[in-house]
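Engineer: My structure is stored as structure.pdb, with PDB, N, CA and C atoms.
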```
ATOM      1  N   MET A   1      14.476  -7.797   6.529
ATOM      2  CA  MET A   1      13.458  -8.127   7.495
ATOM      3  C   MET A   1      12.317  -7.105   7.398
ATOM      4  N   LEU A   2      11.117  -7.612   7.357
ATOM      5  CA  LEU A   2       9.957  -6.744   7.249
ATOM      6  C   LEU A   2       9.472  -6.294   8.619
ATOM      7  N   THR A   3       8.939  -5.098   8.656
ATOM      8  CA  THR A   3       8.263  -4.598   9.844
ATOM      9  C   THR A   3       6.786  -4.936   9.688
ATOM     10  N   LEU A   4       6.318  -5.893  10.455
ATOM     11  CA  LEU A   4       4.924  -6.323  10.356
ATOM     12  C   LEU A   4       4.072  -5.821  11.521
ATOM     13  N   GLU A   5       4.704  -5.184  12.480
ATOM     14  CA  GLU A   5       3.979  -4.564  13.585
ATOM     15  C   GLU A   5       3.552  -3.165  13.143
ATOM     16  N   PRO A   6       2.477  -2.633  13.729
ATOM     17  CA  PRO A   6       2.043  -1.280  13.365
ATOM     18  C   PRO A   6       3.207  -0.286  13.438
ATOM     19  N   ASN A   7       3.363   0.505  12.380
ATOM     20  CA  ASN A   7       4.523   1.395  12.274
ATOM     21  C   ASN A   7       4.159   2.733  11.633
ATOM     22  N   ILE A   8       2.869   3.026  11.510
ATOM     23  CA  ILE A   8       2.435   4.258  10.862
ATOM     24  C   ILE A   8       1.949   5.221  11.932
ATOM     25  N   PRO A   9       2.596   6.387  12.062
ATOM     26  CA  PRO A   9       2.049   7.387  12.986
ATOM     27  C   PRO A   9       0.642   7.779  12.511
ATOM     28  N   ASP A  10      -0.298   7.868  13.400
ATOM     29  CA  ASP A  10      -1.677   8.223  13.083
ATOM     30  C   ASP A  10      -2.258   7.282  12.025
ATOM     31  N   PRO A  11      -2.346   5.981  12.325
ATOM     32  CA  PRO A  11      -2.878   5.042  11.340
ATOM     33  C   PRO A  11      -4.315   5.352  10.936
ATOM     34  N   ASP A  12      -5.107   5.876  11.862
ATOM     35  CA  ASP A  12      -6.486   6.223  11.519
ATOM     36  C   ASP A  12      -6.522   7.359  10.497
ATOM     37  N   GLY A  13      -5.625   8.320  10.653
ATOM     38  CA  GLY A  13      -5.537   9.418   9.695
ATOM     39  C   GLY A  13      -5.122   8.926   8.324
ATOM     40  N   PHE A  14      -4.168   7.978   8.291
ATOM     41  CA  PHE A  14      -3.756   7.403   7.006
ATOM     42  C   PHE A  14      -4.903   6.651   6.360
ATOM     43  N   TYR A  15      -5.618   5.852   7.152
ATOM     44  CA  TYR A  15      -6.738   5.075   6.618
ATOM     45  C   TYR A  15      -7.818   6.002   6.067
ATOM     46  N   ASP A  16      -8.084   7.091   6.789
ATOM     47  CA  ASP A  16      -9.057   8.070   6.322
ATOM     48  C   ASP A  16      -8.619   8.678   4.984
ATOM     49  N   ALA A  17      -7.344   9.025   4.862
ATOM     50  CA  ALA A  17      -6.825   9.590   3.611
ATOM     51  C   ALA A  17      -6.930   8.577   2.473
ATOM     52  N   LEU A  18      -6.671   7.310   2.777
ATOM     53  CA  LEU A  18      -6.776   6.261   1.773
ATOM     54  C   LEU A  18      -8.213   6.110   1.289
ATOM     55  N   LEU A  19      -9.158   6.105   2.229
ATOM     56  CA  LEU A  19     -10.561   6.012   1.847
ATOM     57  C   LEU A  19     -10.992   7.218   1.012
ATOM     58  N   LYS A  20     -10.555   8.406   1.411
ATOM     59  CA  LYS A  20     -10.902   9.610   0.665
ATOM     60  C   LYS A  20     -10.329   9.582  -0.752
ATOM     61  N   ALA A  21      -9.154   8.982  -0.925
ATOM     62  CA  ALA A  21      -8.538   8.886  -2.249
ATOM     63  C   ALA A  21      -9.375   8.021  -3.188
ATOM     64  N   HIS A  22     -10.179   7.134  -2.618
ATOM     65  CA  HIS A  22     -11.025   6.238  -3.416
ATOM     66  C   HIS A  22     -12.419   6.811  -3.689
ATOM     67  N   GLU A  23     -12.748   7.897  -2.998
ATOM     68  CA  GLU A  23     -14.088   8.469  -3.158
ATOM     69  C   GLU A  23     -14.353   8.863  -4.602
ATOM     70  N   GLY A  24     -15.520   8.486  -5.087
ATOM     71  CA  GLY A  24     -15.924   8.854  -6.440
ATOM     72  C   GLY A  24     -15.358   7.973  -7.537
ATOM     73  N   LEU A  25     -14.542   6.995  -7.169
ATOM     74  CA  LEU A  25     -13.953   6.099  -8.170
ATOM     75  C   LEU A  25     -14.868   4.892  -8.380
ATOM     76  N   SER A  26     -14.929   4.431  -9.599
ATOM     77  CA  SER A  26     -15.619   3.170  -9.867
ATOM     78  C   SER A  26     -14.758   2.036  -9.304
ATOM     79  N   GLN A  27     -15.306   0.823  -9.304
ATOM     80  CA  GLN A  27     -14.526  -0.305  -8.805
ATOM     81  C   GLN A  27     -13.263  -0.494  -9.649
ATOM     82  N   ALA A  28     -13.382  -0.362 -10.952
ATOM     83  CA  ALA A  28     -12.217  -0.518 -11.834
ATOM     84  C   ALA A  28     -11.187   0.578 -11.573
ATOM     85  N   GLN A  29     -11.648   1.801 -11.398
ATOM     86  CA  GLN A  29     -10.730   2.904 -11.113
ATOM     87  C   GLN A  29     -10.056   2.718  -9.758
ATOM     88  N   SER A  30     -10.808   2.214  -8.787
ATOM     89  CA  SER A  30     -10.261   1.961  -7.461
ATOM     90  C   SER A  30      -9.183   0.882  -7.512
ATOM     91  N   MET A  31      -9.434  -0.164  -8.278
ATOM     92  CA  MET A  31      -8.436  -1.230  -8.423
ATOM     93  C   MET A  31      -7.194  -0.709  -9.134
ATOM     94  N   ALA A  32      -7.372   0.131 -10.140
ATOM     95  CA  ALA A  32      -6.233   0.714 -10.854
ATOM     96  C   ALA A  32      -5.446   1.644  -9.931
ATOM     97  N   PHE A  33      -6.159   2.410  -9.111
ATOM     98  CA  PHE A  33      -5.501   3.279  -8.125
ATOM     99  C   PHE A  33      -4.640   2.448  -7.185
ATOM    100  N   ASN A  34      -5.213   1.354  -6.648
ATOM    101  CA  ASN A  34      -4.457   0.484  -5.746
ATOM    102  C   ASN A  34      -3.222  -0.085  -6.429
ATOM    103  N   ALA A  35      -3.349  -0.489  -7.675
ATOM    104  CA  ALA A  35      -2.202  -1.035  -8.407
ATOM    105  C   ALA A  35      -1.109   0.023  -8.562
ATOM    106  N   ARG A  36      -1.499   1.250  -8.907
ATOM    107  CA  ARG A  36      -0.506   2.327  -9.052
ATOM    108  C   ARG A  36       0.160   2.616  -7.712
ATOM    109  N   LEU A  37      -0.637   2.646  -6.642
ATOM    110  CA  LEU A  37      -0.086   2.909  -5.317
ATOM    111  C   LEU A  37       0.919   1.829  -4.915
ATOM    112  N   ILE A  38       0.585   0.580  -5.179
ATOM    113  CA  ILE A  38       1.501  -0.530  -4.868
ATOM    114  C   ILE A  38       2.814  -0.365  -5.627
ATOM    115  N   LEU A  39       2.738  -0.027  -6.899
ATOM    116  CA  LEU A  39       3.958   0.135  -7.693
ATOM    117  C   LEU A  39       4.789   1.324  -7.225
ATOM    118  N   ILE A  40       4.136   2.409  -6.847
ATOM    119  CA  ILE A  40       4.862   3.576  -6.326
ATOM    120  C   ILE A  40       5.568   3.217  -5.024
ATOM    121  N   LEU A  41       4.870   2.539  -4.126
ATOM    122  CA  LEU A  41       5.473   2.160  -2.854
ATOM    123  C   LEU A  41       6.579   1.120  -3.037
ATOM    124  N   ALA A  42       6.377   0.177  -3.959
ATOM    125  CA  ALA A  42       7.423  -0.817  -4.248
ATOM    126  C   ALA A  42       8.669  -0.127  -4.791
ATOM    127  N   ASN A  43       8.483   0.865  -5.635
ATOM    128  CA  ASN A  43       9.620   1.622  -6.164
ATOM    129  C   ASN A  43      10.333   2.367  -5.044
ATOM    130  N   GLN A  44       9.567   2.894  -4.092
ATOM    131  CA  GLN A  44      10.162   3.601  -2.959
ATOM    132  C   GLN A  44      11.020   2.652  -2.129
ATOM    133  N   ILE A  45      10.524   1.424  -1.914
ATOM    134  CA  ILE A  45      11.286   0.419  -1.160
ATOM    135  C   ILE A  45      12.520   0.005  -1.950
ATOM    136  N   GLY A  46      12.312  -0.375  -3.188
ATOM    137  CA  GLY A  46      13.413  -0.639  -4.100
ATOM    138  C   GLY A  46      14.162  -1.953  -3.925
ATOM    139  N   ASP A  47      14.288  -2.455  -2.729
ATOM    140  CA  ASP A  47      15.086  -3.656  -2.482
ATOM    141  C   ASP A  47      14.302  -4.912  -2.857
ATOM    142  N   ARG A  48      14.861  -5.687  -3.780
ATOM    143  CA  ARG A  48      14.174  -6.865  -4.312
ATOM    144  C   ARG A  48      13.864  -7.906  -3.238
ATOM    145  N   ASP A  49      14.802  -8.138  -2.322
ATOM    146  CA  ASP A  49      14.569  -9.130  -1.261
ATOM    147  C   ASP A  49      13.441  -8.685  -0.333
ATOM    148  N   THR A  50      13.391  -7.413  -0.023
ATOM    149  CA  THR A  50      12.329  -6.886   0.824
ATOM    150  C   THR A  50      10.984  -7.006   0.118
ATOM    151  N   LEU A  51      10.957  -6.695  -1.157
ATOM    152  CA  LEU A  51       9.716  -6.805  -1.932
ATOM    153  C   LEU A  51       9.257  -8.247  -2.024
ATOM    154  N   ARG A  52      10.191  -9.170  -2.221
ATOM    155  CA  ARG A  52       9.846 -10.596  -2.278
ATOM    156  C   ARG A  52       9.271 -11.054  -0.945
ATOM    157  N   ALA A  53       9.879 -10.615   0.165
ATOM    158  CA  ALA A  53       9.383 -10.978   1.488
ATOM    159  C   ALA A  53       7.989 -10.391   1.714
ATOM    160  N   ALA A  54       7.752  -9.187   1.236
ATOM    161  CA  ALA A  54       6.426  -8.567   1.380
ATOM    162  C   ALA A  54       5.384  -9.336   0.580
ATOM    163  N   LEU A  55       5.737  -9.790  -0.604
ATOM    164  CA  LEU A  55       4.802 -10.593  -1.410
ATOM    165  C   LEU A  55       4.445 -11.883  -0.666
ATOM    166  N   GLU A  56       5.433 -12.507  -0.070
ATOM    167  CA  GLU A  56       5.171 -13.750   0.676
ATOM    168  C   GLU A  56       4.318 -13.469   1.905
ATOM    169  N   ALA A  57       4.595 -12.383   2.618
ATOM    170  CA  ALA A  57       3.835 -12.055   3.814
ATOM    171  C   ALA A  57       2.376 -11.737   3.471
ATOM    172  N   ALA A  58       2.148 -11.165   2.311
ATOM    173  CA  ALA A  58       0.789 -10.792   1.906
ATOM    174  C   ALA A  58      -0.052 -12.002   1.529
ATOM    175  N   LYS A  59       0.605 -13.108   1.194
ATOM    176  CA  LYS A  59      -0.136 -14.325   0.846
ATOM    177  C   LYS A  59      -0.875 -14.816   2.060
TER     178      LYS A  59
END
```
Using structure tokens, write down the structure from this file.
Structural biologist:
Amino acid sequence: MLTLEPNIPDPDGFYDALLKAHEGLSQAQSMAFNARLILILANQIGDRDTLRAALEAAK
């Protein structure tokens, strides 16, 4: 079961850090960064059913 309700302590701080991570990147570099971040987080989750549910929820 996915947690779809807000669950990040200090979401504004996280969003700020995410924006700062993109600073100075071209659009292509930013897209590549996002792809790497998604793969790192997917690896952290690890569970195939959870990942499949997240893919469906993102649609």
Engineer: For Met1 (chain A), list every protein, DNA or RNA residue within 8 Å, evaluated using only N, CA and C atoms, and leave out those in the same chain fewer than 2 positions away; present the list as a list in words.
Structural biologist: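 In the requested form, the answer reads Thr3, Leu4, Asp49, Thr50, Ala53 and Ala54 of chain A.
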Engineer: To test your reading of the structure, identify every residue in region 10-55 of chain A that backbone DSSP assigns to alpha helix (DSSP H), and report it as a ChimeraX atom specification.
Structural biologist: /A:11-22,27-45,48-55
Engineer: Can you work out the spacing between atom N of Ile38 (chain A) and atom N of Leu51 (chain A) in Å, to one decimal?
Structural biologist: 13.3 Å
Engineer: Of the residues A:Leu2, A:Asp47, A:Gly13, A:Ala21, which is the one nearest to Phe33 (chain A), using all atoms listed in the file?
Structural biologist: A:Ala21
Engineer: Have a look at atom N of Ala35 (chain A) and atom N of Lys59 (chain A) and let me know their distance in Å, one decimal.
Structural biologist: 15.9 Å
Engineer: Tell me, in Å to one decimal, how far atom C of Asn7 (chain A) is from atom N of Gly24 (chain A).
Structural biologist: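 Here the two named atoms are 26.5 Å from each other.
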